[in-house]
Amino acid sequence: MHDGQSRFLPIRSASDLSHPELRELYELWKGRCADGAAPSREKFDVLELKRWLPHLQLLDVMESRSDVRYRVIGTWITERYGQDDTGKTWSEIGLNDRNREILDEFITVASSMTPYSSVRPFYDQTRVKEFTRAERLILPLSRDGRVCDQLLSGIYYLSDDF
C-alpha cells in the first residue's frame, strides 16, 4: 500500500505490534471492549493512561468521515514535530501525499471500527529528512458501540533497544 518502507495492518492481538508500550496499550483498550464493541473515551481514566500520555493523540472523527480533529496531542509528539496542532483538523494542517496517507489510515480505522498499526518513516521537524521509523497504533473509540467518533493513537520510535 505504501512506499515499501511502510506498512498498515489490522491488529488482531497484541503480538501483532512491535513496540512493547503499544502492545500494553492495545491490551488495555481490548480489556475495555464490551461484547466486541469499541469502548468510549470515558472508559479510560487519565491516570491509568499516564505512562503513555506523552505518546498519545486523541482525535475526533468528523461526521463526514473525511477528516479528523486533534483533541489532544502528547508532549513527546509535539516536541518531535516542533509544533502543536491541537484543535486543528488534518486538512487544516495540510494534505501532502504523506499526510493524506496518514489521514486515510485514521479514516480506515474509524470506518472499519478495527484497530490498525502503521509503521513508517518518521521525519524531522523540517518534514523533509526522515531519520527513523515509528510505529503508530490507532484504536477506535465509540460512545454508542456502533459508530467510531474518536480515535486513540499512540506512536513510538522503533529500535532494537526494547
# chains A, B, ... in the order shown; residues from 1 in each chain; ligands from 1

call {"tool": "residues_around", "arguments": {"residues": "A:Val61", "least_positions_apart": "6", "cutoff": "6 Å", "atoms": "only C-alpha atoms", "output": "count of residues only"}}
result
3

call {"tool": "closest_atom_pairs", "arguments": {"of": "stretch 33-147 of chain A", "to": "stretch 9-18 of chain A", "cutoff": "7 Å", "atoms": "only C-alpha atoms", "output": "Markdown table"}}
result
| residue | atom | partner | partner_atom | distance |
| --- | --- | --- | --- | --- |
| A:Thr114 | CA | A:Pro10 | CA | 6.7 |
| A:Pro115 | CA | A:Ile11 | CA | 5.4 |
| A:Tyr116 | CA | A:Pro10 | CA | 4.1 |
| A:Ser117 | CA | A:Leu9 | CA | 5.6 |
| A:Ser118 | CA | A:Leu9 | CA | 6.6 |

call {"tool": "residues_around", "arguments": {"residues": "stretch 32-47 of chain A", "least_positions_apart": "2", "cutoff": "10 Å", "atoms": "only C-alpha atoms", "output": "list in words"}}
result
Tyr26, Glu27, Leu28, Trp29, Lys30, Leu49, Lys50, Arg51, Trp52, Leu53, Leu58, Met113, Thr114, Pro115, Leu139, Pro140, Leu141, Ser142, Arg143, Asp144, Gly145, Arg146, Val147, Cys148, Asp149, Gln150, Leu151 and Leu152 of chain A

call {"tool": "select_by_dssp", "arguments": {"residues": "stretch 8-160 of chain A", "states": "strand (DSSP E or B)", "output": "number ranges by chain"}}
result
A: 8-10, 34, 37, 56-61, 68-73, 89, 116-123, 130-141, 150-157

call {"tool": "write_last_selection", "arguments": {"atoms": "C-alpha atoms", "output": "PDB file, in the first residue's frame"}}
result
ATOM      1  CA  PHE A   8      -0.521  -0.572   7.598  1.00  0.00           C
ATOM      2  CA  LEU A   9      -2.201  -3.677   9.008  1.00  0.00           C
ATOM      3  CA  PRO A  10      -5.194  -4.591  11.173  1.00  0.00           C
ATOM      4  CA  ALA A  34     -17.619  -4.927  25.811  1.00  0.00           C
ATOM      5  CA  ALA A  37     -17.680  -3.197  20.680  1.00  0.00           C
ATOM      6  CA  LEU A  56      -0.818   9.676  22.697  1.00  0.00           C
ATOM      7  CA  GLN A  57      -3.141  11.507  20.363  1.00  0.00           C
ATOM      8  CA  LEU A  58      -6.893  11.763  20.835  1.00  0.00           C
ATOM      9  CA  LEU A  59      -8.714  12.649  17.637  1.00  0.00           C
ATOM     10  CA  ASP A  60     -12.351  13.477  16.955  1.00  0.00           C
ATOM     11  CA  VAL A  61     -13.730  11.829  13.820  1.00  0.00           C
ATOM     12  CA  VAL A  68     -10.237  14.151  11.949  1.00  0.00           C
ATOM     13  CA  ARG A  69      -9.569  16.898  14.507  1.00  0.00           C
ATOM     14  CA  TYR A  70      -6.803  16.709  17.090  1.00  0.00           C
ATOM     15  CA  ARG A  71      -8.292  16.995  20.575  1.00  0.00           C
ATOM     16  CA  VAL A  72      -5.100  16.055  22.475  1.00  0.00           C
ATOM     17  CA  ILE A  73      -1.506  15.644  21.280  1.00  0.00           C
ATOM     18  CA  THR A  89      -8.228  19.163  11.507  1.00  0.00           C
ATOM     19  CA  TYR A 116      -4.590  -0.929  12.989  1.00  0.00           C
ATOM     20  CA  SER A 117      -0.892  -0.346  13.262  1.00  0.00           C
ATOM     21  CA  SER A 118       1.231   1.672  10.924  1.00  0.00           C
ATOM     22  CA  VAL A 119       5.000   1.507  10.604  1.00  0.00           C
ATOM     23  CA  ARG A 120       6.525   4.272   8.539  1.00  0.00           C
ATOM     24  CA  PRO A 121       9.484   6.634   8.343  1.00  0.00           C
ATOM     25  CA  PHE A 122       9.423   9.415  10.927  1.00  0.00           C
ATOM     26  CA  TYR A 123      10.544  12.816   9.654  1.00  0.00           C
ATOM     27  CA  GLU A 130      13.467  11.011   7.556  1.00  0.00           C
ATOM     28  CA  PHE A 131      15.580   9.882  10.449  1.00  0.00           C
ATOM     29  CA  THR A 132      13.988   6.797  11.982  1.00  0.00           C
ATOM     30  CA  ARG A 133      10.979   4.514  11.816  1.00  0.00           C
ATOM     31  CA  ALA A 134       7.999   4.772  14.124  1.00  0.00           C
ATOM     32  CA  GLU A 135       5.079   2.511  14.918  1.00  0.00           C
ATOM     33  CA  ARG A 136       1.621   4.002  15.412  1.00  0.00           C
ATOM     34  CA  LEU A 137      -1.301   2.138  16.965  1.00  0.00           C
ATOM     35  CA  ILE A 138      -4.723   3.547  16.073  1.00  0.00           C
ATOM     36  CA  LEU A 139      -7.666   2.447  18.233  1.00  0.00           C
ATOM     37  CA  PRO A 140     -11.348   3.208  17.547  1.00  0.00           C
ATOM     38  CA  LEU A 141     -13.474   4.716  20.323  1.00  0.00           C
ATOM     39  CA  GLN A 150     -12.933   9.277  18.336  1.00  0.00           C
ATOM     40  CA  LEU A 151      -9.553   7.650  17.798  1.00  0.00           C
ATOM     41  CA  LEU A 152      -6.859   6.963  20.361  1.00  0.00           C
ATOM     42  CA  SER A 153      -3.428   6.752  18.780  1.00  0.00           C
ATOM     43  CA  GLY A 154      -0.035   6.029  20.296  1.00  0.00           C
ATOM     44  CA  ILE A 155       3.281   6.433  18.489  1.00  0.00           C
ATOM     45  CA  TYR A 156       6.775   5.237  19.408  1.00  0.00           C
ATOM     46  CA  TYR A 157      10.087   5.074  17.616  1.00  0.00           C
TER      47      TYR A 157
END

call {"tool": "residues_around", "arguments": {"residues": "A:Trp76", "least_positions_apart": "2", "cutoff": "9 Å", "atoms": "only C-alpha atoms", "output": "list of chain:residue names"}}
result
A:Leu53, A:Pro54, A:His55, A:Leu56, A:Ile73, A:Gly74, A:Thr78, A:Glu79, A:Arg80, A:Tyr81

call {"tool": "write_last_selection", "arguments": {"atoms": "N, CA and C atoms", "output": "PDB file, in the first residue's frame"}}
result
ATOM      1  N   LEU A  53       0.765   8.997  28.023  1.00  0.00           N
ATOM      2  CA  LEU A  53       0.266  10.324  27.627  1.00  0.00           C
ATOM      3  C   LEU A  53       1.194  11.106  26.699  1.00  0.00           C
ATOM      4  N   PRO A  54       2.495  11.170  26.943  1.00  0.00           N
ATOM      5  CA  PRO A  54       3.346  11.937  26.026  1.00  0.00           C
ATOM      6  C   PRO A  54       3.322  11.416  24.583  1.00  0.00           C
ATOM      7  N   HIS A  55       2.957  10.147  24.415  1.00  0.00           N
ATOM      8  CA  HIS A  55       2.980   9.496  23.102  1.00  0.00           C
ATOM      9  C   HIS A  55       1.586   9.335  22.496  1.00  0.00           C
ATOM     10  N   LEU A  56       0.559   9.885  23.146  1.00  0.00           N
ATOM     11  CA  LEU A  56      -0.818   9.676  22.697  1.00  0.00           C
ATOM     12  C   LEU A  56      -1.373  10.862  21.928  1.00  0.00           C
ATOM     13  N   ILE A  73      -2.752  16.142  21.870  1.00  0.00           N
ATOM     14  CA  ILE A  73      -1.506  15.644  21.280  1.00  0.00           C
ATOM     15  C   ILE A  73      -0.463  15.621  22.391  1.00  0.00           C
ATOM     16  N   GLY A  74       0.134  14.458  22.608  1.00  0.00           N
ATOM     17  CA  GLY A  74       1.124  14.298  23.667  1.00  0.00           C
ATOM     18  C   GLY A  74       2.365  15.148  23.454  1.00  0.00           C
ATOM     19  N   THR A  78       4.558  16.503  20.076  1.00  0.00           N
ATOM     20  CA  THR A  78       4.714  17.906  19.682  1.00  0.00           C
ATOM     21  C   THR A  78       6.176  18.327  19.685  1.00  0.00           C
ATOM     22  N   GLU A  79       6.959  17.788  20.615  1.00  0.00           N
ATOM     23  CA  GLU A  79       8.395  18.109  20.626  1.00  0.00           C
ATOM     24  C   GLU A  79       9.089  17.563  19.384  1.00  0.00           C
ATOM     25  N   ARG A  80       8.731  16.374  18.950  1.00  0.00           N
ATOM     26  CA  ARG A  80       9.369  15.779  17.768  1.00  0.00           C
ATOM     27  C   ARG A  80       8.985  16.516  16.487  1.00  0.00           C
ATOM     28  N   TYR A  81       7.695  16.907  16.400  1.00  0.00           N
ATOM     29  CA  TYR A  81       7.233  17.601  15.196  1.00  0.00           C
ATOM     30  C   TYR A  81       7.515  19.098  15.233  1.00  0.00           C
TER      31      TYR A  81
END

call {"tool": "residues_around", "arguments": {"residues": "A:Ser66", "least_positions_apart": "4", "cutoff": "12 Å", "atoms": "only C-alpha atoms", "output": "list in words"}}
result
Asp60, Val61, Met62, Thr89, Trp90, Ser91, Arg100, Leu103, Asp104, Glu105, Phe106, Ile107, Thr108, Val109, Ala110 and Ser111 of chain A

call {"tool": "write_last_selection", "arguments": {"atoms": "C-alpha atoms", "output": "PDB file, in the first residue's frame"}}
result
ATOM      1  CA  ASP A  60     -12.351  13.477  16.955  1.00  0.00           C
ATOM      2  CA  VAL A  61     -13.730  11.829  13.820  1.00  0.00           C
ATOM      3  CA  MET A  62     -15.722  14.345  11.799  1.00  0.00           C
ATOM      4  CA  THR A  89      -8.228  19.163  11.507  1.00  0.00           C
ATOM      5  CA  TRP A  90      -5.863  17.060   9.439  1.00  0.00           C
ATOM      6  CA  SER A  91      -6.946  19.045   6.355  1.00  0.00           C
ATOM      7  CA  ARG A 100      -3.008  12.092   3.003  1.00  0.00           C
ATOM      8  CA  LEU A 103      -5.408  10.634   7.183  1.00  0.00           C
ATOM      9  CA  ASP A 104      -6.534   7.635   5.109  1.00  0.00           C
ATOM     10  CA  GLU A 105      -5.265   5.368   7.895  1.00  0.00           C
ATOM     11  CA  PHE A 106      -7.269   7.270  10.512  1.00  0.00           C
ATOM     12  CA  ILE A 107     -10.404   7.112   8.337  1.00  0.00           C
ATOM     13  CA  THR A 108      -9.904   3.377   7.681  1.00  0.00           C
ATOM     14  CA  VAL A 109      -9.847   2.689  11.436  1.00  0.00           C
ATOM     15  CA  ALA A 110     -12.906   4.893  12.010  1.00  0.00           C
ATOM     16  CA  SER A 111     -14.871   3.272   9.169  1.00  0.00           C
TER      17      SER A 111
END

call {"tool": "select_by_dssp", "arguments": {"residues": "stretch 4-88 of chain A", "states": "helix (DSSP H, G or I)", "output": "PDB file with C-alpha atoms, in the first residue's frame"}}
result
ATOM      1  CA  ALA A  14      -1.012  -7.578  20.938  1.00  0.00           C
ATOM      2  CA  SER A  15       1.610  -9.835  19.351  1.00  0.00           C
ATOM      3  CA  ASP A  16       0.917  -8.088  16.011  1.00  0.00           C
ATOM      4  CA  PRO A  20       6.051  -3.228  23.966  1.00  0.00           C
ATOM      5  CA  GLU A  21       4.345   0.006  25.094  1.00  0.00           C
ATOM      6  CA  LEU A  22       1.894  -0.248  22.198  1.00  0.00           C
ATOM      7  CA  ARG A  23       1.224  -3.917  22.993  1.00  0.00           C
ATOM      8  CA  GLU A  24       0.264  -2.934  26.544  1.00  0.00           C
ATOM      9  CA  LEU A  25      -1.866  -0.010  25.344  1.00  0.00           C
ATOM     10  CA  TYR A  26      -3.684  -2.373  22.979  1.00  0.00           C
ATOM     11  CA  GLU A  27      -4.317  -4.830  25.845  1.00  0.00           C
ATOM     12  CA  LEU A  28      -5.752  -2.010  27.978  1.00  0.00           C
ATOM     13  CA  TRP A  29      -8.056  -0.964  25.109  1.00  0.00           C
ATOM     14  CA  LYS A  30      -9.080  -4.578  24.443  1.00  0.00           C
ATOM     15  CA  GLY A  31      -9.938  -5.004  28.127  1.00  0.00           C
ATOM     16  CA  ARG A  32     -12.361  -2.061  27.870  1.00  0.00           C
ATOM     17  CA  ARG A  41     -13.092   7.509  25.794  1.00  0.00           C
ATOM     18  CA  GLU A  42     -14.876   7.735  29.127  1.00  0.00           C
ATOM     19  CA  LYS A  43     -13.904   4.097  29.837  1.00  0.00           C
ATOM     20  CA  LEU A  53       0.266  10.324  27.627  1.00  0.00           C
ATOM     21  CA  PRO A  54       3.346  11.937  26.026  1.00  0.00           C
ATOM     22  CA  HIS A  55       2.980   9.496  23.102  1.00  0.00           C
ATOM     23  CA  THR A  75       4.195  16.356  24.505  1.00  0.00           C
ATOM     24  CA  TRP A  76       6.631  13.784  23.069  1.00  0.00           C
ATOM     25  CA  ILE A  77       4.847  14.097  19.717  1.00  0.00           C
ATOM     26  CA  THR A  78       4.714  17.906  19.682  1.00  0.00           C
ATOM     27  CA  GLU A  79       8.395  18.109  20.626  1.00  0.00           C
ATOM     28  CA  ARG A  80       9.369  15.779  17.768  1.00  0.00           C
ATOM     29  CA  TYR A  81       7.233  17.601  15.196  1.00  0.00           C
TER      30      TYR A  81
END

call {"tool": "closest_residue", "arguments": {"among": "A:Lys88, A:Ser64, A:His19, A:Arg7", "to": "A:Ile102", "atoms": "only C-alpha atoms"}}
result
A:Arg7

call {"tool": "atom_distance", "arguments": {"atom1": "atom CA of A:Asp67", "atom2": "atom CA of A:Gly87"}}
result
12.6 Å
